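Containing mmCIF, C-alpha atoms and all ligand atoms: final19.cif.
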data_work
loop_
_atom_site.label_atom_id
_atom_site.label_comp_id
_atom_site.auth_asym_id
_atom_site.auth_seq_id
_atom_site.Cartn_x
_atom_site.Cartn_y
_atom_site.Cartn_z
CA MET V 1 55.55 135.61 234.14
CA LYS V 2 53.98 139.10 233.84
CA ILE V 3 55.10 141.75 236.31
CA LEU V 4 53.60 145.18 236.79
CA VAL V 5 56.00 147.82 238.11
CA ILE V 6 54.42 150.81 239.85
CA ASN V 7 56.08 154.12 240.72
CA SER V 8 53.77 156.37 242.76
CA GLY V 9 54.36 160.08 243.26
CA SER V 10 52.25 162.46 245.33
CA SER V 11 49.99 163.26 242.35
CA SER V 12 51.19 160.69 239.82
CA LEU V 13 51.41 156.96 239.20
CA LYS V 14 53.63 155.48 236.49
CA TYR V 15 53.45 151.85 235.38
CA GLN V 16 55.23 149.34 233.16
CA LEU V 17 54.05 145.80 232.48
CA PHE V 18 56.87 143.37 231.68
CA ASP V 19 56.84 139.95 230.08
CA MET V 20 59.71 138.37 232.02
CA GLU V 21 60.20 135.52 229.54
CA THR V 22 61.31 138.01 226.87
CA GLY V 23 62.13 141.07 229.00
CA ASN V 24 59.80 143.07 226.73
CA ILE V 25 57.53 145.87 227.88
CA LEU V 26 53.92 144.90 227.13
CA ALA V 27 52.47 148.28 228.15
CA LYS V 28 53.53 151.43 229.92
CA GLY V 29 52.06 154.75 230.89
CA GLY V 30 51.11 156.98 233.71
CA CYS V 31 48.49 158.98 235.53
CA GLU V 32 49.14 162.62 236.38
CA ARG V 33 47.34 165.32 238.37
CA ILE V 34 45.74 162.73 240.66
CA GLY V 35 43.45 164.55 243.14
CA ALA V 36 43.45 167.71 241.02
CA GLY V 37 41.78 166.72 237.75
CA GLY V 38 43.54 163.86 236.01
CA PHE V 39 45.40 162.86 232.85
CA ILE V 40 46.31 159.39 231.67
CA THR V 41 48.71 158.08 229.03
CA HIS V 42 48.96 154.46 227.91
CA LYS V 43 51.33 152.96 225.33
CA VAL V 44 51.35 149.48 223.87
CA PRO V 45 53.97 148.59 221.25
CA GLY V 46 52.28 148.28 217.85
CA LYS V 47 49.11 150.13 218.89
CA PRO V 48 48.30 153.86 218.77
CA ASP V 49 49.22 155.75 221.96
CA PHE V 50 46.27 156.64 224.16
CA LYS V 51 46.04 159.95 226.08
CA ALA V 52 43.01 161.39 227.86
CA ASP V 53 41.87 163.90 230.46
CA ILE V 54 40.01 161.85 233.01
CA ASP V 55 38.84 162.47 236.55
CA LEU V 56 41.29 160.78 238.94
CA PRO V 57 40.29 161.67 242.51
CA SER V 58 42.67 159.18 244.18
CA HIS V 59 45.48 156.66 243.58
CA ASP V 60 42.82 153.91 243.89
CA GLU V 61 40.83 155.41 241.02
CA ALA V 62 43.99 155.95 238.96
CA LEU V 63 44.96 152.30 239.35
CA LYS V 64 41.43 151.18 238.40
CA GLU V 65 41.75 153.19 235.17
CA VAL V 66 45.15 151.60 234.46
CA PHE V 67 43.68 148.13 234.98
CA SER V 68 40.71 148.84 232.72
CA LEU V 69 43.10 150.03 229.98
CA LEU V 70 45.26 146.91 230.40
CA ILE V 71 42.24 144.65 229.78
CA ASP V 72 40.53 146.89 227.20
CA LYS V 73 39.73 144.89 224.02
CA GLU V 74 41.32 147.48 221.69
CA LYS V 75 43.89 149.28 223.81
CA GLY V 76 44.80 146.50 226.20
CA VAL V 77 47.21 143.58 226.35
CA LEU V 78 45.57 141.25 228.89
CA GLN V 79 42.36 139.21 228.93
CA SER V 80 42.06 139.59 232.66
CA ILE V 81 43.87 141.43 235.40
CA SER V 82 44.54 138.07 237.08
CA GLU V 83 47.22 137.50 234.39
CA ILE V 84 49.45 139.87 236.37
CA ASP V 85 51.61 137.46 238.37
CA ALA V 86 53.17 140.03 240.69
CA VAL V 87 53.49 143.75 241.35
CA GLY V 88 56.78 145.51 242.14
CA HIS V 89 56.64 148.94 243.76
CA ARG V 90 59.38 151.52 243.55
CA VAL V 91 59.94 153.02 246.99
CA ALA V 92 62.46 155.83 247.50
CA HIS V 93 63.18 155.22 251.18
CA GLY V 94 63.45 151.93 253.05
CA GLY V 95 64.81 153.45 256.26
CA GLU V 96 67.20 151.28 258.26
CA ARG V 97 65.04 148.17 258.05
CA PHE V 98 64.89 147.37 254.34
CA LYS V 99 68.37 146.33 253.30
CA LYS V 100 67.05 144.61 250.17
CA SER V 101 63.88 144.35 248.10
CA SER V 102 61.09 142.76 250.15
CA ARG V 103 57.52 141.50 250.05
CA VAL V 104 54.87 144.13 250.79
CA ASP V 105 52.51 143.30 253.65
CA GLU V 106 50.79 145.22 256.42
CA ASP V 107 53.86 145.05 258.63
CA ALA V 108 56.06 146.50 255.88
CA ILE V 109 53.56 149.30 255.27
CA ALA V 110 53.36 150.04 259.02
CA TYR V 111 57.16 150.43 259.11
CA LEU V 112 57.11 152.73 256.05
CA GLU V 113 54.40 154.81 257.76
CA SER V 114 56.63 155.10 260.84
CA ILE V 115 59.45 156.63 258.76
CA VAL V 116 57.31 159.21 256.94
CA PRO V 117 58.87 161.96 259.13
CA ILE V 118 62.25 161.33 257.43
CA ASN V 119 60.64 160.79 253.99
CA PRO V 120 57.76 163.29 253.92
CA LEU V 121 57.60 163.83 250.15
CA HIS V 122 57.79 160.34 248.65
CA GLY V 123 56.75 158.15 251.58
CA PRO V 124 53.01 158.93 251.68
CA ALA V 125 52.74 158.60 247.87
CA ALA V 126 54.44 155.18 247.79
CA ILE V 127 52.21 153.98 250.64
CA LYS V 128 49.09 155.16 248.78
CA GLY V 129 50.17 153.21 245.68
CA MET V 130 50.87 150.06 247.69
CA LYS V 131 47.56 150.26 249.58
CA ALA V 132 45.62 150.82 246.34
CA CYS V 133 47.28 147.77 244.77
CA LEU V 134 46.74 145.58 247.82
CA SER V 135 43.03 146.44 247.89
CA LEU V 136 42.52 145.94 244.14
CA LEU V 137 44.76 142.86 243.75
CA PRO V 138 44.56 141.20 247.19
CA ASN V 139 45.71 137.81 245.93
CA THR V 140 48.64 138.98 243.82
CA PRO V 141 52.10 138.97 245.46
CA GLN V 142 53.58 142.45 245.83
CA THR V 143 57.11 143.55 246.49
CA ALA V 144 58.96 146.80 247.08
CA THR V 145 62.39 147.85 245.81
CA PHE V 146 64.01 150.65 247.77
CA ASP V 147 66.38 153.30 246.39
CA THR V 148 68.23 153.26 249.71
CA SER V 149 68.85 149.49 249.98
CA PHE V 150 71.97 149.46 247.81
CA TYR V 151 73.70 151.48 250.53
CA ALA V 152 72.83 149.14 253.39
CA ASN V 153 76.42 147.96 253.76
CA PHE V 154 78.12 151.31 254.25
CA LYS V 155 80.63 151.45 257.04
CA GLU V 156 79.56 153.76 259.84
CA SER V 157 82.06 156.50 258.99
CA ARG V 158 80.35 156.86 255.58
CA TYR V 159 76.87 157.42 256.98
CA ILE V 160 77.22 159.22 260.30
CA TYR V 161 77.39 163.02 260.00
CA GLY V 162 79.66 165.08 262.23
CA LEU V 163 76.69 166.14 264.35
CA PRO V 164 75.89 165.28 267.98
CA TYR V 165 75.51 161.47 267.87
CA ASP V 166 71.94 161.60 269.22
CA CYS V 167 70.80 163.37 266.02
CA TYR V 168 71.26 159.86 264.59
CA THR V 169 69.96 157.78 267.50
CA LYS V 170 66.98 160.01 268.37
CA ASP V 171 66.08 161.62 265.05
CA GLY V 172 67.33 159.21 262.39
CA VAL V 173 69.65 161.83 260.85
CA ARG V 174 72.23 159.85 258.84
CA ARG V 175 73.21 159.41 255.23
CA TYR V 176 70.86 157.00 253.44
CA GLY V 177 71.70 157.56 249.76
CA PHE V 178 69.25 157.40 246.85
CA HIS V 179 69.03 156.23 243.19
CA GLY V 180 70.39 152.88 244.43
CA THR V 181 68.32 150.84 241.96
CA SER V 182 69.86 152.71 239.03
CA HIS V 183 73.43 152.46 240.37
CA ARG V 184 72.93 148.74 241.09
CA TYR V 185 71.55 148.15 237.59
CA VAL V 186 74.29 149.99 235.67
CA SER V 187 77.13 148.56 237.77
CA ALA V 188 75.87 145.01 237.08
CA LYS V 189 75.46 145.86 233.37
CA ALA V 190 79.01 147.29 233.22
CA ALA V 191 80.50 144.05 234.57
CA GLU V 192 78.35 142.00 232.18
CA TYR V 193 79.39 144.19 229.20
CA LEU V 194 83.09 143.91 230.10
CA LYS V 195 82.69 140.15 230.69
CA LYS V 196 84.30 140.53 234.11
CA ASP V 197 83.26 139.38 237.56
CA ILE V 198 81.81 142.41 239.35
CA LYS V 199 83.72 141.22 242.45
CA SER V 200 86.95 142.09 240.66
CA LEU V 201 86.01 145.69 239.77
CA LYS V 202 86.19 149.12 241.38
CA MET V 203 83.59 151.37 239.77
CA ILE V 204 82.17 154.85 240.00
CA THR V 205 78.68 155.24 238.58
CA CYS V 206 77.44 158.75 237.73
CA HIS V 207 73.64 159.02 237.53
CA LEU V 208 73.22 162.50 236.06
CA GLY V 209 69.61 163.53 235.43
CA ASN V 210 67.27 166.08 236.88
CA GLY V 211 68.34 164.59 240.19
CA SER V 212 71.96 163.42 240.20
CA SER V 213 74.11 161.18 242.34
CA ILE V 214 77.51 159.51 242.18
CA THR V 215 78.19 156.13 243.77
CA ALA V 216 81.39 154.21 244.50
CA VAL V 217 80.88 150.48 243.89
CA ASP V 218 83.71 148.27 245.15
CA LYS V 219 83.44 144.58 244.19
CA GLY V 220 79.72 145.00 243.52
CA VAL V 221 79.02 146.64 246.89
CA ALA V 222 78.18 150.35 247.19
CA VAL V 223 80.70 151.90 249.59
CA ASP V 224 79.87 155.59 249.28
CA THR V 225 77.40 157.88 247.51
CA SER V 226 76.88 161.59 247.09
CA MET V 227 73.25 161.86 248.26
CA GLY V 228 72.70 161.73 251.99
CA PHE V 229 69.86 162.18 254.48
CA THR V 230 67.80 163.39 251.52
CA PRO V 231 68.39 163.61 247.74
CA GLN V 232 69.49 167.22 248.32
CA GLU V 233 73.14 166.42 249.17
CA GLY V 234 75.88 166.04 246.58
CA ILE V 235 76.41 167.72 243.21
CA LEU V 236 74.43 170.57 241.69
CA MET V 237 71.22 169.26 240.05
CA GLY V 238 68.35 170.57 237.88
CA THR V 239 66.73 172.65 240.62
CA ARG V 240 68.57 171.43 243.77
CA SER V 241 71.65 173.13 245.13
CA GLY V 242 73.55 170.00 246.12
CA SER V 243 75.91 170.34 249.10
CA ILE V 244 76.41 173.84 250.47
CA ASP V 245 77.90 175.27 253.65
CA PRO V 246 75.07 174.49 256.12
CA THR V 247 75.41 177.87 257.81
CA ILE V 248 74.08 179.51 254.66
CA ILE V 249 70.66 178.19 255.68
CA PRO V 250 70.14 180.06 258.99
CA TYR V 251 71.92 183.08 257.47
CA LEU V 252 69.48 183.34 254.54
CA MET V 253 66.46 182.47 256.67
CA LYS V 254 67.22 185.38 259.03
CA LYS V 255 68.30 187.82 256.33
CA ARG V 256 65.33 187.16 254.01
CA ASN V 257 62.87 186.32 256.79
CA LEU V 258 62.12 182.89 255.29
CA THR V 259 60.12 180.09 256.90
CA PRO V 260 61.64 176.56 256.91
CA ASP V 261 59.31 175.61 254.03
CA GLN V 262 60.32 178.66 252.00
CA MET V 263 64.00 177.86 252.63
CA ALA V 264 63.45 174.23 251.58
CA ASP V 265 61.76 175.49 248.42
CA LEU V 266 64.73 177.75 247.63
CA LEU V 267 67.15 174.83 248.07
CA ASN V 268 65.04 172.23 246.24
CA LYS V 269 63.16 174.09 243.53
CA GLN V 270 64.92 177.39 242.84
CA SER V 271 68.58 176.35 242.92
CA GLY V 272 70.83 174.13 240.80
CA LEU V 273 71.10 174.69 237.04
CA LEU V 274 67.92 176.78 237.17
CA GLY V 275 69.07 178.98 240.05
CA VAL V 276 72.59 179.64 238.76
CA THR V 277 71.67 180.18 235.08
CA GLY V 278 68.30 181.87 235.55
CA VAL V 279 67.56 180.12 232.21
CA SER V 280 66.33 176.57 232.82
CA ASN V 281 66.64 173.43 234.90
CA ASP V 282 67.04 171.46 231.67
CA SER V 283 70.68 170.85 230.82
CA ARG V 284 69.94 170.97 227.08
CA ASN V 285 68.77 174.59 227.39
CA CYS V 286 71.74 175.42 229.62
CA GLU V 287 74.15 173.91 227.08
CA GLU V 288 72.56 175.90 224.25
CA ALA V 289 72.72 179.11 226.27
CA ALA V 290 76.37 178.47 227.20
CA LEU V 291 77.29 177.84 223.56
CA ALA V 292 75.56 181.11 222.65
CA GLY V 293 77.81 182.94 225.10
CA ASN V 294 75.67 183.09 228.26
CA LYS V 295 78.31 183.29 231.03
CA ARG V 296 76.08 182.15 233.88
CA ALA V 297 74.99 179.12 231.85
CA GLN V 298 78.66 178.22 231.35
CA LEU V 299 79.28 178.83 235.07
CA ALA V 300 76.47 176.43 236.05
CA LEU V 301 77.86 173.73 233.74
CA ASP V 302 81.36 174.26 235.18
CA ILE V 303 79.99 173.88 238.73
CA LEU V 304 78.35 170.62 237.63
CA PHE V 305 81.46 169.25 235.89
CA ASP V 306 83.75 170.24 238.79
CA GLY V 307 81.34 168.64 241.26
CA VAL V 308 81.36 165.31 239.42
CA LYS V 309 85.16 165.44 239.08
CA ARG V 310 85.54 166.08 242.82
CA TYR V 311 83.51 162.97 243.67
CA ILE V 312 85.41 160.84 241.15
CA GLY V 313 88.68 161.91 242.78
CA ALA V 314 87.35 161.33 246.28
CA TYR V 315 85.90 157.91 245.51
CA THR V 316 89.01 156.76 243.66
CA ALA V 317 90.92 157.63 246.83
CA GLU V 318 88.37 155.86 249.05
CA MET V 319 88.51 152.68 246.96
CA ASN V 320 92.28 152.97 246.40
CA GLY V 321 91.80 152.65 242.64
CA LEU V 322 89.33 152.71 239.78
CA ASP V 323 88.63 150.30 236.91
CA VAL V 324 85.35 151.54 235.43
CA LEU V 325 83.58 154.90 235.22
CA VAL V 326 79.93 154.78 234.16
CA PHE V 327 77.68 157.61 232.94
CA THR V 328 73.91 157.12 233.03
CA ALA V 329 70.47 158.89 233.19
CA GLY V 330 69.21 161.82 231.07
CA ILE V 331 72.39 163.93 231.13
CA GLY V 332 74.91 161.10 231.60
CA GLU V 333 73.50 159.14 228.65
CA ASN V 334 72.88 162.06 226.31
CA SER V 335 75.24 164.94 226.97
CA SER V 336 78.64 164.42 225.36
CA LEU V 337 79.54 167.92 226.55
CA THR V 338 79.07 166.86 230.18
CA ARG V 339 81.08 163.66 229.77
CA GLU V 340 83.84 165.64 228.07
CA GLY V 341 83.77 168.35 230.75
CA VAL V 342 83.97 165.78 233.55
CA CYS V 343 86.69 163.61 231.99
CA LYS V 344 88.91 166.49 230.83
CA ASP V 345 92.38 166.44 232.43
CA MET V 346 91.77 163.25 234.36
CA ASP V 347 94.65 161.24 232.86
CA TYR V 348 96.48 161.37 236.21
CA LEU V 349 93.69 159.07 237.47
CA GLY V 350 93.87 156.92 234.32
CA ILE V 351 90.70 158.37 232.75
CA LYS V 352 90.91 159.28 229.05
CA ILE V 353 87.97 159.37 226.68
CA ASP V 354 87.98 159.10 222.90
CA GLU V 355 86.49 162.44 221.83
CA GLU V 356 85.20 161.03 218.56
CA LYS V 357 83.44 158.10 220.23
CA ASN V 358 82.07 160.41 222.91
CA ARG V 359 80.57 162.82 220.39
CA ASN V 360 79.27 160.28 217.88
CA PHE V 361 77.72 157.91 220.38
CA LYS V 362 74.60 155.84 219.70
CA ARG V 363 71.68 156.47 222.02
CA GLY V 364 70.01 153.71 223.98
CA VAL V 365 72.84 151.13 223.86
CA ILE V 366 75.91 150.51 225.98
CA GLN V 367 78.95 152.37 224.63
CA ASP V 368 82.61 152.22 225.52
CA ILE V 369 83.93 155.77 225.05
CA SER V 370 87.38 155.20 226.56
CA ALA V 371 90.51 156.05 224.59
CA PRO V 372 92.55 152.94 223.68
CA ASP V 373 95.23 153.87 226.26
CA SER V 374 92.80 154.75 229.06
CA LYS V 375 93.53 152.69 232.19
CA VAL V 376 89.94 153.19 233.31
CA LYS V 377 87.09 151.95 231.10
CA VAL V 378 84.59 154.77 230.55
CA LEU V 379 81.12 153.46 229.68
CA VAL V 380 77.76 155.04 228.85
CA ILE V 381 74.99 152.72 230.03
CA PRO V 382 71.24 153.40 229.66
CA THR V 383 69.66 152.89 233.07
CA ASN V 384 66.49 150.84 233.54
CA GLU V 385 65.26 151.02 237.10
CA GLU V 386 61.85 149.56 236.26
CA TYR V 387 63.36 146.42 234.78
CA MET V 388 65.62 146.04 237.81
CA ILE V 389 62.52 146.23 240.03
CA ALA V 390 60.78 143.63 237.84
CA LEU V 391 63.82 141.32 238.15
CA ASP V 392 63.87 141.73 241.95
CA THR V 393 60.12 141.01 242.06
CA GLN V 394 60.55 137.89 239.95
CA LYS V 395 63.27 136.59 242.29
CA LEU V 396 61.25 137.29 245.41
CA VAL V 397 58.08 135.73 244.07
CA LYS V 398 59.83 132.61 242.76
P1 LIG C 401 64.97 162.43 236.18
O1 LIG C 401 65.97 162.66 237.28
O2 LIG C 401 63.78 163.33 236.24
O3 LIG C 401 64.67 160.96 235.92
P2 LIG C 401 66.31 162.29 233.61
O4 LIG C 401 67.23 161.18 233.93
O5 LIG C 401 65.21 162.06 232.64
O6 LIG C 401 65.73 162.97 234.91
O7 LIG C 401 67.22 163.50 233.08
C1 LIG C 401 66.69 164.74 232.73
C2 LIG C 401 67.86 165.60 232.26
O8 LIG C 401 68.49 164.95 231.14
C3 LIG C 401 67.45 166.98 231.82
O9 LIG C 401 68.33 167.94 232.36
C4 LIG C 401 67.64 166.89 230.32
O10 LIG C 401 68.00 168.12 229.79
C5 LIG C 401 68.78 165.92 230.19
N1 LIG C 401 68.88 165.44 228.82
C6 LIG C 401 68.06 164.64 228.15
N2 LIG C 401 68.45 164.52 226.87
C7 LIG C 401 69.56 165.30 226.72
C8 LIG C 401 70.44 165.62 225.66
N3 LIG C 401 70.26 165.12 224.45
N4 LIG C 401 71.50 166.44 225.90
C9 LIG C 401 71.69 166.96 227.10
N5 LIG C 401 70.89 166.70 228.17
C10 LIG C 401 69.84 165.89 227.97
#

Turn this file's structure into structure tokens for me.
Amino acid sequence: MKILVINSGSSSLKYQLFDMETGNILAKGGCERIGAGGFITHKVPGKPDFKADIDLPSHDEALKEVFSLLIDKEKGVLQSISEIDAVGHRVAHGGERFKKSSRVDEDAIAYLESIVPINPLHGPAAIKGMKACLSLLPNTPQTATFDTSFYANFKESRYIYGLPYDCYTKDGVRRYGFHGTSHRYVSAKAAEYLKKDIKSLKMITCHLGNGSSITAVDKGVAVDTSMGFTPQEGILMGTRSGSIDPTIIPYLMKKRNLTPDQMADLLNKQSGLLGVTGVSNDSRNCEEAALAGNKRAQLALDILFDGVKRYIGAYTAEMNGLDVLVFTAGIGENSSLTREGVCKDMDYLGIKIDEEKNRNFKRGVIQDISAPDSKVKVLVIPTNEEYMIALDTQKLVK
């Protein structure tokens, strides 16, 4: 079975084509600057990478270009586009309706359109990608995997904010959580790696990338997560502030005479590692600057490490224990400094890492970096959201 996984952004469309018999990627790439010029990349193992500036006025046109590359005699991997057995779409927000991955049809799209007000950035892009696929591949089954679905079983006290209750009933303001596909993937992988039944494990999974979130997974079920109504809540991220005292918002808006959009921009694009350091949103640059003596770079890293620690403590308390701590995503998988900073002085909670193993880790494979006497297993697990989506699609289509 061949499954195409699509991830649509407002001006981008990324794709990966999987052979599900082997789990191998047959081709992957992406379109950027859709609607404002256009640039396409396409990679096939064993063939030269292809990159080109190309006019991409819409998601429809972008997808047509992807399809023509997939069946191109030299650059392609398929004889015909009909060899694609199913398409899986990555969708950030499934609202309250989608509690698991589901088939995409007009009714599903109509619901996703109805929740655009609570998902204004990613919603319209995902819908464009789905509509483009449905019109170009009308006879191919399509599914959607939602970042929010993993959190569908939260108890009410974990998703209702301390606001007037009608902010939830009338305006849909509640915690939804994000990155669920990644947390679901790495928690399943952790159990598999440890050869234990996931139903016997209490885990905390730390997805630390440009966007970051921490999730508590008790017996395979997500019971709490750091992101909330939007991916803004939680720990400090690349350019997002994470949680702050909410009263700072009206205070700054009045003092600096900011519009709501300008305030949102400050919180989303000018804060986080970038805002505190004034150097970069990229943790590698912040680490370099900190090592060279830049105090604000060190401060930003300390805010990040403390933030992750705080959630680990809170979630261990919520689950009444912890067996496995997982690090994943760009920073979690690659930054030994971050893992060390987070796990330092955590032996009270049973977390001890082996400094040697942490520093000399191999990239791209699962690693156990716990010290021999650590009560909690500390694992580094490369995430693979696209493959998780392909697996969900395969199950739904079968
Ligand atoms: P996104 O949320 O956009 O998917 P990623 O998961 O790709 O982000 O993570 C991007 C982050 O990972 C960046 O801050 C980058 O600096 C960081 N990162 C990648 N490689 C390393 C590394 N070797 N050391 C430290 N940080 C790294």

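For the choices V:His179, V:Lys254, V:Lys47, V:Lys189, the atom-to-atom distance to ligand LIG 401 (chain C) is smallest for V:His179 when using all atoms listed in the file.
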
| request: List all protein, DNA and RNA residues that have any atom at most 6 Å from ligand LIG 401 (chain C), counting all atoms listed in the file, and write the list as number ranges by chain. | output: V: 209-211, 282-284, 329-331, 334-335

| Ser12 of chain V surroundings by only C-alpha atoms, 9 Å radius, close-in-sequence under 3 positions cut, as a ChimeraX atom specification | /V:7-9,30-34,59,62,125

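Surrounding residues of (85.9, 160.8, 221.4) at most 10 Å away are Ser336, Glu340, Lys352, Ile353, Asp354, Glu355, Glu356, Lys357, Asn358, Arg359, Asn360, Phe361, Ile369, Ser370 and Ala371 of chain V (based on all atoms listed in the file).
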
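A distance cut-off of 10 Å around (76.4, 169.8, 245.0), counting all atoms listed in the file, selects these protein and nucleic acid residues: V:Ser212, V:Ser213, V:Ser226, V:Met227, V:Gln232, V:Glu233, V:Gly234, V:Ile235, V:Leu236, V:Met237, V:Arg240, V:Ser241, V:Gly242, V:Ser243, V:Ile244, V:Gly272, V:Ile303, V:Leu304, V:Asp306, V:Gly307, V:Val308, V:Tyr311.
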
Just write the chosen residues, C-alpha atoms, as a PDB file, keeping the file's coordinate frame.
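Saved result, selection25.pdb, follows:
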ATOM      1  CA  SER V 212      71.960 163.420 240.200  1.00  0.00           C
ATOM      2  CA  SER V 213      74.110 161.180 242.340  1.00  0.00           C
ATOM      3  CA  SER V 226      76.880 161.590 247.090  1.00  0.00           C
ATOM      4  CA  MET V 227      73.250 161.860 248.260  1.00  0.00           C
ATOM      5  CA  GLN V 232      69.490 167.220 248.320  1.00  0.00           C
ATOM      6  CA  GLU V 233      73.140 166.420 249.170  1.00  0.00           C
ATOM      7  CA  GLY V 234      75.880 166.040 246.580  1.00  0.00           C
ATOM      8  CA  ILE V 235      76.410 167.720 243.210  1.00  0.00           C
ATOM      9  CA  LEU V 236      74.430 170.570 241.690  1.00  0.00           C
ATOM     10  CA  MET V 237      71.220 169.260 240.050  1.00  0.00           C
ATOM     11  CA  ARG V 240      68.570 171.430 243.770  1.00  0.00           C
ATOM     12  CA  SER V 241      71.650 173.130 245.130  1.00  0.00           C
ATOM     13  CA  GLY V 242      73.550 170.000 246.120  1.00  0.00           C
ATOM     14  CA  SER V 243      75.910 170.340 249.100  1.00  0.00           C
ATOM     15  CA  ILE V 244      76.410 173.840 250.470  1.00  0.00           C
ATOM     16  CA  GLY V 272      70.830 174.130 240.800  1.00  0.00           C
ATOM     17  CA  ILE V 303      79.990 173.880 238.730  1.00  0.00           C
ATOM     18  CA  LEU V 304      78.350 170.620 237.630  1.00  0.00           C
ATOM     19  CA  ASP V 306      83.750 170.240 238.790  1.00  0.00           C
ATOM     20  CA  GLY V 307      81.340 168.640 241.260  1.00  0.00           C
ATOM     21  CA  VAL V 308      81.360 165.310 239.420  1.00  0.00           C
ATOM     22  CA  TYR V 311      83.510 162.970 243.670  1.00  0.00           C
TER      23      TYR V 311
END

| Within 7 Å of Ile381 of chain V, counting all atoms listed in the file, which residues qualify if same-chain residues fewer than 2 places away don't, as number ranges by chain? | V: 186, 326-328, 333, 365-367, 379, 383

What lies within 10 Å of Gln270 of chain V using all atoms listed in the file, ignoring chain neighbours under 6 positions off, as a PDB file with C-alpha atoms, in the frame of the given file?
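Output file part33.pdb follows:
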ATOM      1  CA  GLY V 238      68.350 170.570 237.880  1.00  0.00           C
ATOM      2  CA  THR V 239      66.730 172.650 240.620  1.00  0.00           C
ATOM      3  CA  ARG V 240      68.570 171.430 243.770  1.00  0.00           C
ATOM      4  CA  SER V 241      71.650 173.130 245.130  1.00  0.00           C
ATOM      5  CA  MET V 263      64.000 177.860 252.630  1.00  0.00           C
ATOM      6  CA  ALA V 264      63.450 174.230 251.580  1.00  0.00           C
ATOM      7  CA  VAL V 276      72.590 179.640 238.760  1.00  0.00           C
ATOM      8  CA  GLY V 278      68.300 181.870 235.550  1.00  0.00           C
ATOM      9  CA  ASN V 281      66.640 173.430 234.900  1.00  0.00           C
TER      10      ASN V 281
END

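Here atom CA of Lys51 of chain V is placed at a distance of 21.3 Å from atom CA of Gln79 of chain V.
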
Starting from the incomplete input, reconstruct N, CA, C and O atoms of segment 191-201 of chain V and write that as a short mmCIF file (atom, residue, chain, number, x, y, z; two decimals), keeping the file's coordinate frame.
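Writing done, so here's selection35.cif:
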data_model
loop_
_atom_site.label_atom_id
_atom_site.label_comp_id
_atom_site.auth_asym_id
_atom_site.auth_seq_id
_atom_site.Cartn_x
_atom_site.Cartn_y
_atom_site.Cartn_z
N ALA V 191 79.72 145.28 234.40
CA ALA V 191 80.50 144.05 234.57
C ALA V 191 80.14 143.05 233.47
O ALA V 191 81.01 142.43 232.86
N GLU V 192 78.83 142.94 233.21
CA GLU V 192 78.35 142.00 232.18
C GLU V 192 78.94 142.40 230.81
O GLU V 192 79.45 141.55 230.08
N TYR V 193 78.88 143.69 230.49
CA TYR V 193 79.39 144.19 229.20
C TYR V 193 80.89 143.92 229.06
O TYR V 193 81.36 143.54 228.00
N LEU V 194 81.63 144.10 230.16
CA LEU V 194 83.09 143.91 230.10
C LEU V 194 83.49 142.44 230.26
O LEU V 194 84.68 142.11 230.22
N LYS V 195 82.47 141.59 230.48
CA LYS V 195 82.69 140.15 230.69
C LYS V 195 83.66 139.93 231.85
O LYS V 195 84.61 139.13 231.76
N LYS V 196 83.44 140.67 232.94
CA LYS V 196 84.30 140.53 234.11
C LYS V 196 83.42 140.25 235.32
O LYS V 196 82.25 140.66 235.37
N ASP V 197 83.98 139.60 236.31
CA ASP V 197 83.26 139.38 237.56
C ASP V 197 83.18 140.72 238.29
O ASP V 197 84.21 141.38 238.50
N ILE V 198 81.97 141.12 238.68
CA ILE V 198 81.81 142.41 239.35
C ILE V 198 82.67 142.46 240.63
O ILE V 198 83.11 143.52 241.05
N LYS V 199 82.93 141.29 241.20
CA LYS V 199 83.72 141.22 242.45
C LYS V 199 85.20 141.57 242.22
O LYS V 199 85.97 141.66 243.16
N SER V 200 85.56 141.74 240.93
CA SER V 200 86.95 142.09 240.66
C SER V 200 87.09 143.57 240.27
O SER V 200 88.17 144.01 239.89
N LEU V 201 85.98 144.33 240.33
CA LEU V 201 86.01 145.69 239.77
C LEU V 201 85.75 146.79 240.80
O LEU V 201 84.92 146.63 241.70
#
